[in-house]
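Printed here is input36.txt (compact mmCIF, C-alpha atoms and all ligand atoms):
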```
# COMPACT_ATOMS: atom_id res chain seq x y z
CA MET Y 3 16.69 -20.98 12.50
CA VAL Y 4 13.28 -19.59 11.61
CA ASN Y 5 11.70 -21.91 9.09
CA ALA Y 6 8.14 -20.65 9.00
CA LEU Y 7 6.85 -20.87 5.45
CA ASN Y 8 4.29 -18.12 5.64
CA TYR Y 9 2.54 -15.58 7.83
CA ALA Y 10 0.12 -18.09 9.35
CA GLU Y 11 2.96 -20.31 10.53
CA MET Y 12 4.87 -17.33 11.89
CA ARG Y 13 1.81 -16.18 13.83
CA ALA Y 14 1.36 -19.67 15.29
CA LEU Y 15 5.00 -19.72 16.42
CA ALA Y 16 4.64 -16.27 17.99
CA ARG Y 17 1.47 -17.32 19.75
CA ARG Y 18 3.29 -20.15 21.50
CA ARG Y 19 6.07 -17.78 22.57
CA LEU Y 20 4.12 -14.77 23.87
CA PRO Y 21 1.99 -14.41 26.99
CA ARG Y 22 -1.67 -14.40 26.08
CA GLY Y 23 -2.23 -10.78 27.12
CA LEU Y 24 0.55 -9.59 24.81
CA PHE Y 25 -0.43 -11.86 21.93
CA GLU Y 26 -4.03 -10.68 22.03
CA TYR Y 27 -2.93 -7.05 22.26
CA ILE Y 28 -1.14 -7.55 18.95
CA ASP Y 29 -3.47 -9.93 17.20
CA ARG Y 30 -6.94 -8.74 17.93
CA GLY Y 31 -9.10 -5.86 16.78
CA THR Y 32 -11.64 -3.86 18.68
CA GLU Y 33 -15.17 -4.45 20.01
CA ASP Y 34 -16.77 -7.20 17.87
CA GLU Y 35 -13.77 -7.38 15.52
CA VAL Y 36 -15.91 -6.73 12.47
CA ALA Y 37 -13.28 -4.48 10.91
CA LEU Y 38 -10.63 -7.14 11.40
CA ALA Y 39 -12.70 -9.78 9.61
CA ALA Y 40 -13.60 -7.34 6.83
CA VAL Y 41 -9.93 -6.62 6.10
CA ARG Y 42 -9.19 -10.23 5.30
CA GLU Y 43 -12.33 -10.63 3.18
CA ALA Y 44 -11.48 -7.48 1.25
CA TRP Y 45 -8.06 -8.83 0.24
CA ASP Y 46 -9.56 -12.18 -0.74
CA ARG Y 47 -12.27 -10.59 -2.88
CA LEU Y 48 -9.71 -8.86 -5.08
CA LYS Y 49 -8.63 -11.09 -7.94
CA LEU Y 50 -5.54 -10.66 -10.07
CA ALA Y 51 -5.81 -10.99 -13.85
CA PRO Y 52 -2.75 -12.90 -15.07
CA ALA Y 53 -1.20 -11.81 -18.36
CA VAL Y 54 0.43 -14.84 -19.97
CA LEU Y 55 3.35 -15.36 -22.33
CA VAL Y 56 5.30 -12.45 -20.90
CA ASP Y 57 9.05 -12.77 -20.32
CA VAL Y 58 9.31 -12.68 -16.54
CA SER Y 59 12.84 -14.06 -16.30
CA GLU Y 60 14.08 -10.84 -14.68
CA ARG Y 61 11.69 -9.78 -11.99
CA ARG Y 62 12.51 -6.60 -10.11
CA MET Y 63 10.74 -5.87 -6.85
CA ASP Y 64 12.64 -2.69 -6.02
CA THR Y 65 10.94 0.68 -6.23
CA VAL Y 66 11.41 4.33 -5.35
CA LEU Y 67 9.62 6.19 -2.56
CA PHE Y 68 10.21 9.86 -1.79
CA GLY Y 69 13.19 9.78 -4.12
CA ARG Y 70 14.90 6.85 -2.43
CA ARG Y 71 15.22 3.26 -3.50
CA LEU Y 72 13.44 0.52 -1.55
CA GLY Y 73 14.29 -3.19 -1.79
CA PHE Y 74 10.60 -3.86 -2.29
CA PRO Y 75 7.47 -1.73 -1.84
CA ALA Y 76 7.03 -2.09 1.91
CA VAL Y 77 7.75 -0.16 5.10
CA ILE Y 78 7.64 -1.65 8.60
CA ALA Y 79 4.65 -0.02 10.28
CA PRO Y 80 4.92 1.78 13.60
CA THR Y 81 3.79 -0.56 16.35
CA ALA Y 82 3.71 0.37 20.01
CA LEU Y 83 5.54 -1.93 22.39
CA ALA Y 84 7.41 -3.91 19.72
CA GLY Y 85 10.22 -4.10 22.26
CA LEU Y 86 8.01 -6.32 24.41
CA VAL Y 87 7.97 -9.18 21.94
CA TRP Y 88 11.76 -9.63 21.93
CA HIS Y 89 14.60 -8.10 23.89
CA ASP Y 90 15.48 -4.89 22.08
CA GLY Y 91 12.69 -5.79 19.63
CA GLU Y 92 12.58 -2.44 17.91
CA ALA Y 93 16.30 -2.59 17.16
CA ALA Y 94 15.84 -6.13 15.83
CA LEU Y 95 13.06 -4.91 13.54
CA ALA Y 96 15.19 -2.02 12.39
CA ARG Y 97 18.13 -4.30 11.54
CA ALA Y 98 15.82 -6.61 9.59
CA ALA Y 99 14.44 -3.59 7.72
CA ALA Y 100 17.98 -2.45 6.91
CA ARG Y 101 18.85 -5.87 5.50
CA ALA Y 102 15.72 -5.82 3.35
CA ASP Y 103 16.55 -2.25 2.30
CA ILE Y 104 13.25 -0.80 3.49
CA PRO Y 105 12.52 1.83 6.18
CA PHE Y 106 11.41 1.06 9.72
CA CYS Y 107 8.91 3.44 11.26
CA VAL Y 108 9.52 3.98 14.98
CA SER Y 109 6.37 4.47 17.08
CA THR Y 110 5.94 7.27 19.58
CA GLN Y 111 5.09 4.41 21.91
CA SER Y 112 8.12 2.20 21.33
CA VAL Y 113 9.91 0.52 24.23
CA THR Y 114 13.32 1.48 22.86
CA PRO Y 115 14.28 5.11 22.31
CA ILE Y 116 14.89 6.21 18.74
CA GLU Y 117 18.50 7.15 19.46
CA HIS Y 118 19.23 3.53 20.36
CA ILE Y 119 17.30 2.15 17.37
CA ALA Y 120 19.25 4.51 15.10
CA ARG Y 121 22.45 2.62 15.92
CA SER Y 122 21.11 -0.23 13.77
CA GLY Y 123 21.98 1.90 10.73
CA ALA Y 124 18.45 1.43 9.40
CA ARG Y 125 16.57 4.09 7.53
CA LEU Y 126 14.11 5.34 10.10
CA TRP Y 127 10.77 7.05 9.86
CA PHE Y 128 9.08 8.41 12.96
CA GLN Y 129 5.41 8.10 13.89
CA LEU Y 130 3.94 10.83 16.02
CA TYR Y 131 0.96 10.96 18.32
CA VAL Y 132 0.04 14.46 19.43
CA TRP Y 133 0.43 14.85 23.17
CA ARG Y 134 -1.54 17.41 25.09
CA ASP Y 135 1.69 19.12 26.07
CA ARG Y 136 2.87 20.45 22.71
CA GLN Y 137 6.26 21.55 24.04
CA LEU Y 138 7.03 18.00 25.16
CA MET Y 139 5.82 16.74 21.80
CA LEU Y 140 7.99 19.17 19.85
CA ARG Y 141 11.00 18.13 21.89
CA LEU Y 142 10.28 14.53 20.94
CA LEU Y 143 10.09 15.56 17.31
CA GLU Y 144 13.50 17.21 17.61
CA ARG Y 145 14.90 14.01 19.05
CA ALA Y 146 13.49 12.06 16.12
CA ARG Y 147 15.03 14.49 13.65
CA ASP Y 148 18.39 14.49 15.43
CA ALA Y 149 18.39 10.70 15.43
CA GLY Y 150 18.08 10.81 11.64
CA ALA Y 151 14.41 10.09 11.01
CA GLU Y 152 13.82 10.73 7.29
CA ALA Y 153 10.06 10.95 7.26
CA LEU Y 154 7.36 11.84 9.74
CA ILE Y 155 4.05 10.02 9.98
CA LEU Y 156 1.34 11.73 11.98
CA THR Y 157 -1.30 9.22 13.02
CA VAL Y 158 -4.70 10.86 12.82
CA ASP Y 159 -7.11 8.00 13.48
CA THR Y 160 -6.78 7.72 17.24
CA ALA Y 161 -8.57 10.82 18.51
CA VAL Y 162 -9.83 8.76 21.43
CA GLY Y 163 -8.66 5.44 22.84
CA PRO Y 164 -10.23 2.43 21.12
CA ASN Y 165 -12.39 -0.05 22.98
CA ARG Y 166 -10.23 -3.15 23.30
CA GLU Y 167 -12.09 -5.20 25.86
CA TYR Y 168 -9.67 -8.13 25.82
CA ASN Y 169 -6.94 -5.82 27.16
CA VAL Y 170 -9.17 -5.00 30.11
CA ARG Y 171 -9.94 -8.68 30.67
CA ASN Y 172 -6.25 -9.60 30.40
CA GLY Y 173 -5.14 -6.72 32.60
CA PHE Y 174 -2.84 -5.56 29.78
CA GLY Y 175 -1.89 -1.89 29.66
CA MET Y 176 0.75 0.78 30.08
CA PRO Y 177 2.12 1.52 32.58
CA ILE Y 178 2.27 -2.17 33.49
CA GLN Y 179 0.05 -2.93 36.46
CA PRO Y 180 0.95 -6.13 38.26
CA SER Y 181 -1.90 -8.59 38.76
CA LEU Y 182 -2.27 -12.24 39.65
CA ARG Y 183 -3.78 -12.98 36.26
CA ALA Y 184 -0.89 -11.33 34.42
CA ALA Y 185 1.64 -13.13 36.61
CA ILE Y 186 0.12 -16.53 35.82
CA ASP Y 187 0.04 -15.64 32.13
CA VAL Y 188 3.71 -14.65 32.13
CA LEU Y 189 4.80 -17.69 34.12
CA SER Y 190 3.26 -19.93 31.46
CA ARG Y 191 5.73 -18.52 28.92
CA PRO Y 192 9.15 -19.10 30.54
CA ARG Y 193 11.16 -18.36 27.38
CA TRP Y 194 9.54 -14.97 27.04
CA LEU Y 195 9.84 -14.36 30.77
CA ALA Y 196 13.58 -15.07 30.80
CA GLY Y 197 14.47 -13.85 27.32
CA VAL Y 198 12.47 -10.65 27.25
CA LEU Y 199 10.96 -9.52 30.51
CA LEU Y 200 13.77 -10.36 32.92
CA ARG Y 201 16.44 -9.09 30.52
CA GLN Y 202 14.52 -5.88 30.11
CA LEU Y 203 14.05 -5.53 33.88
CA LEU Y 204 17.77 -6.03 34.45
CA ALA Y 205 18.83 -3.71 31.64
CA ASP Y 206 16.36 -0.82 31.89
CA GLY Y 207 13.81 -1.56 34.56
CA VAL Y 208 10.09 -1.93 34.00
CA PRO Y 209 9.38 -1.82 30.27
CA THR Y 210 7.46 1.24 29.23
CA TYR Y 211 7.08 3.80 26.48
CA ALA Y 212 10.66 4.97 26.13
CA HIS Y 213 9.82 8.37 24.64
CA TYR Y 214 7.58 9.31 27.52
CA PRO Y 215 8.93 11.27 30.47
CA PRO Y 216 10.59 9.03 33.09
CA GLU Y 217 7.81 9.73 35.56
CA PHE Y 218 5.48 7.73 33.32
CA ARG Y 219 7.40 4.54 34.09
CA THR Y 220 5.51 3.33 37.09
CA ARG Y 221 2.03 2.99 38.35
CA VAL Y 222 2.58 5.88 40.71
CA THR Y 223 2.51 8.09 37.67
CA ARG Y 224 2.13 11.69 38.60
CA PRO Y 225 -1.23 12.82 37.28
CA ALA Y 226 0.33 15.93 35.73
CA ILE Y 227 2.68 13.85 33.59
CA ALA Y 228 -0.05 11.41 32.62
CA ASP Y 229 -2.09 14.36 31.45
CA ALA Y 230 0.77 15.98 29.55
CA VAL Y 231 1.37 12.89 27.42
CA ARG Y 232 -2.27 11.95 26.97
CA LEU Y 233 -3.17 11.67 23.29
CA ASP Y 234 -4.89 14.93 22.54
CA ASP Y 235 -8.51 14.67 21.42
CA ARG Y 236 -8.47 18.24 20.12
CA VAL Y 237 -5.94 17.69 17.35
CA SER Y 238 -6.99 19.53 14.20
CA TRP Y 239 -5.81 20.62 10.77
CA ARG Y 240 -4.19 23.59 12.51
CA ASP Y 241 -1.77 21.17 14.21
CA VAL Y 242 -1.11 19.58 10.85
CA ALA Y 243 -0.23 22.99 9.39
CA GLU Y 244 2.12 23.72 12.30
CA LEU Y 245 3.82 20.38 12.03
CA ARG Y 246 4.16 20.85 8.27
CA ARG Y 247 6.05 24.07 8.96
CA SER Y 248 8.41 22.47 11.46
CA TRP Y 249 9.18 19.21 9.60
CA ARG Y 250 11.34 19.58 6.51
CA GLY Y 251 11.34 16.00 5.20
CA PRO Y 252 8.49 13.93 3.84
CA PHE Y 253 5.42 14.29 6.03
CA LEU Y 254 2.59 11.75 5.93
CA LEU Y 255 -0.81 11.44 7.56
CA LYS Y 256 -1.76 7.91 8.60
CA GLY Y 257 -5.32 6.78 9.07
CA ILE Y 258 -7.04 8.56 6.19
CA LEU Y 259 -10.11 6.76 4.83
CA ARG Y 260 -12.07 9.58 3.16
CA VAL Y 261 -11.54 11.36 -0.13
CA ASP Y 262 -12.26 14.80 1.36
CA ASP Y 263 -9.63 14.27 4.07
CA ALA Y 264 -7.12 13.16 1.44
CA ARG Y 265 -7.82 16.32 -0.56
CA ARG Y 266 -7.43 18.42 2.55
CA ALA Y 267 -4.10 16.76 3.27
CA LEU Y 268 -2.97 17.69 -0.21
CA GLU Y 269 -4.01 21.31 0.33
CA ALA Y 270 -2.07 21.31 3.62
CA GLY Y 271 1.12 20.48 1.72
CA ILE Y 272 1.35 16.91 2.98
CA ASP Y 273 3.63 14.65 0.96
CA GLY Y 274 1.83 11.39 1.48
CA ILE Y 275 -0.96 9.54 3.20
CA VAL Y 276 -1.34 6.08 4.59
CA VAL Y 277 -4.84 4.85 3.86
CA SER Y 278 -5.39 2.80 6.98
CA SER Y 279 -7.95 1.50 9.44
CA HIS Y 280 -5.15 0.95 11.98
CA GLY Y 281 -5.20 -2.77 11.26
CA GLY Y 282 -8.87 -2.99 12.34
CA ARG Y 283 -7.86 -1.96 15.86
CA ASN Y 284 -9.64 1.36 16.35
CA LEU Y 285 -13.08 1.95 14.81
CA ASP Y 286 -14.86 -1.35 14.44
CA SER Y 287 -17.14 -0.02 11.71
CA ALA Y 288 -14.25 1.29 9.61
CA PRO Y 289 -14.01 0.05 6.03
CA PRO Y 290 -10.97 -2.00 5.04
CA ALA Y 291 -8.31 0.44 3.87
CA ILE Y 292 -7.88 -1.45 0.62
CA GLU Y 293 -11.54 -0.71 -0.17
CA ALA Y 294 -11.15 2.99 0.57
CA LEU Y 295 -7.96 3.16 -1.52
CA PRO Y 296 -9.22 3.41 -5.14
CA ALA Y 297 -11.33 6.55 -4.67
CA ILE Y 298 -8.51 8.24 -2.77
CA VAL Y 299 -5.96 7.34 -5.44
CA ASP Y 300 -8.36 8.72 -8.07
CA ALA Y 301 -8.61 12.00 -6.20
CA VAL Y 302 -5.00 12.66 -5.14
CA GLY Y 303 -2.82 9.80 -6.36
CA ASP Y 304 -1.14 11.82 -9.11
CA ARG Y 305 -0.12 14.59 -6.70
CA MET Y 306 0.90 12.79 -3.52
CA THR Y 307 2.28 9.43 -2.41
CA VAL Y 308 -0.47 7.09 -1.32
CA LEU Y 309 0.40 4.10 0.85
CA VAL Y 310 -1.96 1.55 2.35
CA ASP Y 311 -1.88 -0.90 5.24
CA GLY Y 312 -3.92 -3.46 7.12
CA GLY Y 313 -3.85 -7.21 6.77
CA VAL Y 314 -0.84 -7.55 4.48
CA ARG Y 315 -0.04 -11.24 4.92
CA ARG Y 316 1.12 -12.31 1.46
CA GLY Y 317 3.16 -10.86 -1.35
CA SER Y 318 0.03 -11.08 -3.50
CA HIS Y 319 -1.55 -8.50 -1.19
CA ILE Y 320 1.29 -6.13 -2.06
CA ALA Y 321 0.66 -6.74 -5.77
CA LYS Y 322 -3.05 -5.96 -5.25
CA ALA Y 323 -2.24 -2.75 -3.37
CA LEU Y 324 0.07 -1.65 -6.19
CA ALA Y 325 -2.59 -2.50 -8.78
CA LEU Y 326 -4.99 -0.21 -6.94
CA GLY Y 327 -2.50 2.64 -7.07
CA ALA Y 328 -0.65 2.46 -3.75
CA LYS Y 329 3.10 3.07 -3.99
CA ALA Y 330 3.88 0.70 -1.11
CA VAL Y 331 2.33 -1.02 1.89
CA LEU Y 332 3.00 -0.85 5.60
CA VAL Y 333 3.40 -4.15 7.42
CA GLY Y 334 2.48 -4.37 11.11
CA ARG Y 335 1.64 -7.70 12.68
CA ALA Y 336 3.55 -9.87 10.20
CA THR Y 337 6.99 -8.58 11.15
CA LEU Y 338 6.00 -8.34 14.81
CA TYR Y 339 5.33 -12.08 14.81
CA GLY Y 340 8.59 -12.72 13.05
CA THR Y 341 10.37 -10.72 15.73
CA ALA Y 342 8.46 -12.45 18.53
CA PHE Y 343 9.69 -15.82 17.36
CA GLY Y 344 13.17 -15.05 16.14
CA GLY Y 345 14.20 -11.43 16.70
CA GLU Y 346 16.04 -9.95 13.73
CA ALA Y 347 16.19 -13.31 11.94
CA GLY Y 348 12.46 -13.82 12.39
CA ALA Y 349 11.52 -10.37 11.14
CA GLY Y 350 13.99 -10.82 8.28
CA ARG Y 351 12.47 -14.17 7.40
CA MET Y 352 9.00 -12.60 7.30
CA LEU Y 353 10.23 -9.84 5.00
CA ASP Y 354 11.98 -12.37 2.75
CA LEU Y 355 8.77 -14.37 2.52
CA LEU Y 356 6.72 -11.32 1.57
CA ARG Y 357 9.27 -10.17 -1.01
CA ASP Y 358 9.63 -13.64 -2.54
CA GLU Y 359 5.86 -14.08 -2.67
CA LEU Y 360 5.58 -10.73 -4.40
CA GLY Y 361 8.19 -11.81 -6.95
CA ARG Y 362 6.39 -15.09 -7.58
CA THR Y 363 3.04 -13.27 -7.97
CA MET Y 364 4.64 -10.83 -10.42
CA GLY Y 365 5.86 -13.80 -12.44
CA LEU Y 366 2.44 -15.41 -12.44
CA ILE Y 367 0.62 -12.23 -13.52
CA GLY Y 368 3.15 -11.32 -16.20
CA ARG Y 369 4.30 -8.10 -14.58
CA PRO Y 370 8.08 -8.23 -14.10
CA THR Y 371 8.52 -4.80 -12.51
CA VAL Y 372 6.70 -2.89 -9.79
CA ALA Y 373 5.92 -0.08 -12.24
CA SER Y 374 4.29 -2.50 -14.67
CA ILE Y 375 1.62 -3.50 -12.12
CA GLY Y 376 -1.44 -1.36 -12.74
CA PRO Y 377 -5.22 -1.37 -12.68
CA ASP Y 378 -5.32 -3.87 -15.54
CA SER Y 379 -3.60 -6.41 -13.26
CA LEU Y 380 -6.91 -6.76 -11.41
CA VAL Y 381 -10.08 -8.45 -12.54
CA PRO Y 382 -12.59 -5.58 -12.83
CA HIS Y 383 -15.35 -5.43 -10.26
CA ARG Y 384 -18.76 -6.35 -11.58
C1 LIG R 401 0.55 -4.16 18.30
C2 LIG R 401 0.27 -2.97 17.42
C3 LIG R 401 0.62 -1.71 17.85
C4 LIG R 401 0.40 -0.60 17.03
N1 LIG R 401 0.82 0.63 17.45
C5 LIG R 401 0.70 1.69 16.61
C6 LIG R 401 1.25 2.95 16.97
O1 LIG R 401 1.85 3.11 18.02
N2 LIG R 401 1.08 3.99 16.11
C7 LIG R 401 0.43 3.83 14.91
O2 LIG R 401 0.31 4.79 14.15
N3 LIG R 401 -0.06 2.64 14.54
C8 LIG R 401 0.06 1.57 15.36
N4 LIG R 401 -0.42 0.35 14.96
C9 LIG R 401 -1.04 0.20 13.62
C10 LIG R 401 0.02 -0.15 12.57
O3 LIG R 401 0.88 0.93 12.33
C11 LIG R 401 -0.64 -0.54 11.24
O4 LIG R 401 -1.52 0.48 10.85
C12 LIG R 401 -1.37 -1.87 11.30
O5 LIG R 401 -0.73 -2.75 12.18
C13 LIG R 401 -1.45 -2.49 9.93
O6 LIG R 401 -2.14 -3.69 9.96
P1 LIG R 401 -1.42 -5.13 10.05
O7 LIG R 401 -0.96 -5.27 11.45
O8 LIG R 401 -2.54 -6.06 9.76
O9 LIG R 401 -0.31 -5.16 9.07
C14 LIG R 401 -0.22 -0.77 15.77
C15 LIG R 401 -0.56 -2.06 15.34
C16 LIG R 401 -0.31 -3.15 16.15
C17 LIG R 401 -0.66 -4.52 15.63
```

What does this structure look like when you write it as structure tokens?
Ligand SMILES: Cc1cc2nc3c(=O)[nH]c(=O)nc-3n(C[C@H](O)[C@H](O)[C@H](O)COP(=O)(O)O)c2cc1C
Amino acid sequence: MVNALNYAEMRALARRRLPRGLFEYIDRGTEDEVALAAVREAWDRLKLAPAVLVDVSERRMDTVLFGRRLGFPAVIAPTALAGLVWHDGEAALARAAARADIPFCVSTQSVTPIEHIARSGARLWFQLYVWRDRQLMLRLLERARDAGAEALILTVDTAVGPNREYNVRNGFGMPIQPSLRAAIDVLSRPRWLAGVLLRQLLADGVPTYAHYPPEFRTRVTRPAIADAVRLDDRVSWRDVAELRRSWRGPFLLKGILRVDDARRALEAGIDGIVVSSHGGRNLDSAPPAIEALPAIVDAVGDRMTVLVDGGVRRGSHIAKALALGAKAVLVGRATLYGTAFGGEAGAGRMLDLLRDELGRTMGLIGRPTVASIGPDSLVPHR
């Protein structure tokens, strides 16, 4: 039974369950964590303007995205290594998403292969990082398509690896490299050790990025393989054009923060963008996505689907994102913490909380449907 009442409680429960190295990998930002702090402040600065004396007896949180109905305007964000927080964590997340009637976006760097996650029956999206070896990458894309992925998200904000010093300090990385420090950390979390790590070791061996070639699994990684699946720092709009040609379904770019890039995405025939600072995890001087959103919506919002993510902790955040013109939000850490504490039930609980909070907020601002939330639902900036 997962009885957390909100995100903060869920995070606290997850913190007690996970080894420190893993918790910090999920929770923290990059460098001085300025971006992370700014995200929270940005949400708090936005104020909703309640319209009163409106009949809100029938509140409807469902919406439509790329022609398909969603239970409420959210998608579970792609997060690497979600399968480390719970045994079969990605499948648990996918099942929770299916119950909430929203899509789950599988990461290139998930611990569980997409074919296995697809058995959950969830609507899947697939997130792609461009590997140096394009043939290997295209084969992965084929796998995603064959497994039924509806939409493709290309993440474009990770041209080089971010500077996450706590991971270095904690000895946390992929492939897993055994260390005394990590061993002590893991031993202090026996439930996670038995319930996740040992089960994973017995079932599939050392946990790793499931979509990577098998040679990547161990520390004795062959340099050639490591190089082939290195995230390419030469990715350009030419790759976007090629991918556009090879992917038939909805195609989104994630990690857009500039109006000119959004316009360029539109010209490249992209269906949608995720305005995102990667949850404050990559560029520490990045603006909060929610602050970059209005200008981007102004420029392209009537011609492509604009989503936003970063720091969604409350249903009121979803209402604010909708008021600023986003069609839906992506949720990363919140559902990861739910999964870390309670697997499918925990992720489901987190989604229920967010949806119910959204419904309550809609009632309090006099906007009974998703479509009725607009710019006038916000107090104008002075
Ligand atoms: C642990 C973790 C792993 C992530 N891995 C990926 C990834 O593999 N690909 C990607 O595009 N984004 C990744 N992200 C970013 C999320 O997709 C999303 O942009 C971000 O988490 C949103 O912020 P939130 O966690 O505050 O909701 C990751 C985020 C976290 C927390």

Pairwise distance for atom CA of Y:Arg316 and atom CA of Y:Arg71, rounded to one decimal in Å: 21.6 Å

Surrounding residues as a ChimeraX atom specification, ligand LIG 401 (chain R), max 9 Å, all atoms listed in the file: /Y:24-31,38,41,78-84,107-112,129-131,155-160,256-257,276-283,310-315,331-338

Which polymer residues have any atom within 6 Å of an atom of stretch 7-16 of chain Y, counting all atoms listed in the file, with same-chain residues fewer than 3 positions away left out, as an mmCIF file with C-alpha atoms, in the coordinates of the input?
```cif
data_model
loop_
_atom_site.group_PDB
_atom_site.id
_atom_site.type_symbol
_atom_site.label_atom_id
_atom_site.label_comp_id
_atom_site.auth_asym_id
_atom_site.auth_seq_id
_atom_site.Cartn_x
_atom_site.Cartn_y
_atom_site.Cartn_z
ATOM 1 C CA ARG Y 19 6.070 -17.780 22.570
ATOM 2 C CA ARG Y 315 -0.040 -11.240 4.920
ATOM 3 C CA TYR Y 339 5.330 -12.080 14.810
ATOM 4 C CA ALA Y 342 8.460 -12.450 18.530
ATOM 5 C CA PHE Y 343 9.690 -15.820 17.360
#
```

Considering all atoms listed in the file, state which residue in the set Y:Pro215, Y:Gly85, Y:Gly251, Y:Pro209 is at the smallest distance from Y:Ala151.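 Of Y:Pro215, Y:Gly85, Y:Gly251, Y:Pro209, the one nearest Y:Ala151 is Y:Gly251, counting all atoms listed in the file.
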
Atom pair atom CA of Y:Leu353 + atom CA of Y:Gly91, distance 15.4 Å

Residue nearest Y:Ala264 - candidates Y:Pro105, Y:Gly303, Y:Pro290, Y:Gly345, atoms counted: all atoms listed in the file: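 Looking only at the distances to Y:Ala264, the closest residue turns out to be Y:Gly303.
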
Using all atoms listed in the file and a cutoff of 12 Å, can you tell me which residues are near (2.7, 17.6, 25.6) in the file's coordinates, and write them out as a ChimeraX atom specification? /Y:130-143,213-215,226-234,237

Shortest interatomic distance to Y:Gly175 - which of Y:Ala205, Y:Leu199, Y:Arg145, Y:Gly23, counting all atoms listed in the file: Y:Gly23

Smallest atom-to-atom distance to Y:Glu33: which of Y:Gln202, Y:Thr65, Y:Thr114, Y:Asn165, using only C-alpha atoms? Y:Asn165

Point-to-point distance from atom CA of Y:Asp358 to atom CA of Y:Arg17, Å rounded to tenths: 24.0 Å

Proximity to Y:Ala146 - best of Y:Ile119, Y:Met176, Y:Val162, Y:Leu366, only C-alpha atoms: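 Of all the options, Y:Ile119 lies closest to Y:Ala146.
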
Quick one: everything within 9 Å of stretch 179-192 of chain Y, counting only C-alpha atoms, minus sequence neighbours fewer than 6 positions away in the same chain. Send it as JSON, numbers by chain. {"Y": [18, 19, 20, 21, 22, 23, 172, 173, 220, 221]}

List every protein, DNA or RNA residue that has an atom no more than 10 Å from (11.7, 15.5, 9.6) in the file's coordinate frame, counting all atoms listed in the file, and report them as an mmCIF file with C-alpha atoms, in the coordinates of the input.
```cif
data_model
loop_
_atom_site.group_PDB
_atom_site.id
_atom_site.type_symbol
_atom_site.label_atom_id
_atom_site.label_comp_id
_atom_site.auth_asym_id
_atom_site.auth_seq_id
_atom_site.Cartn_x
_atom_site.Cartn_y
_atom_site.Cartn_z
ATOM 1 C CA TRP Y 127 10.770 7.050 9.860
ATOM 2 C CA PHE Y 128 9.080 8.410 12.960
ATOM 3 C CA LEU Y 143 10.090 15.560 17.310
ATOM 4 C CA GLU Y 144 13.500 17.210 17.610
ATOM 5 C CA ALA Y 146 13.490 12.060 16.120
ATOM 6 C CA ARG Y 147 15.030 14.490 13.650
ATOM 7 C CA ASP Y 148 18.390 14.490 15.430
ATOM 8 C CA GLY Y 150 18.080 10.810 11.640
ATOM 9 C CA ALA Y 151 14.410 10.090 11.010
ATOM 10 C CA GLU Y 152 13.820 10.730 7.290
ATOM 11 C CA ALA Y 153 10.060 10.950 7.260
ATOM 12 C CA LEU Y 154 7.360 11.840 9.740
ATOM 13 C CA ILE Y 155 4.050 10.020 9.980
ATOM 14 C CA LEU Y 245 3.820 20.380 12.030
ATOM 15 C CA ARG Y 246 4.160 20.850 8.270
ATOM 16 C CA SER Y 248 8.410 22.470 11.460
ATOM 17 C CA TRP Y 249 9.180 19.210 9.600
ATOM 18 C CA ARG Y 250 11.340 19.580 6.510
ATOM 19 C CA GLY Y 251 11.340 16.000 5.200
ATOM 20 C CA PRO Y 252 8.490 13.930 3.840
ATOM 21 C CA PHE Y 253 5.420 14.290 6.030
#
```

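Shortest atom-to-atom contact with Y:Leu309 among Y:Ile116, Y:Asp273, Y:Leu356, Y:Asp241: Y:Asp273, counting all atoms listed in the file.
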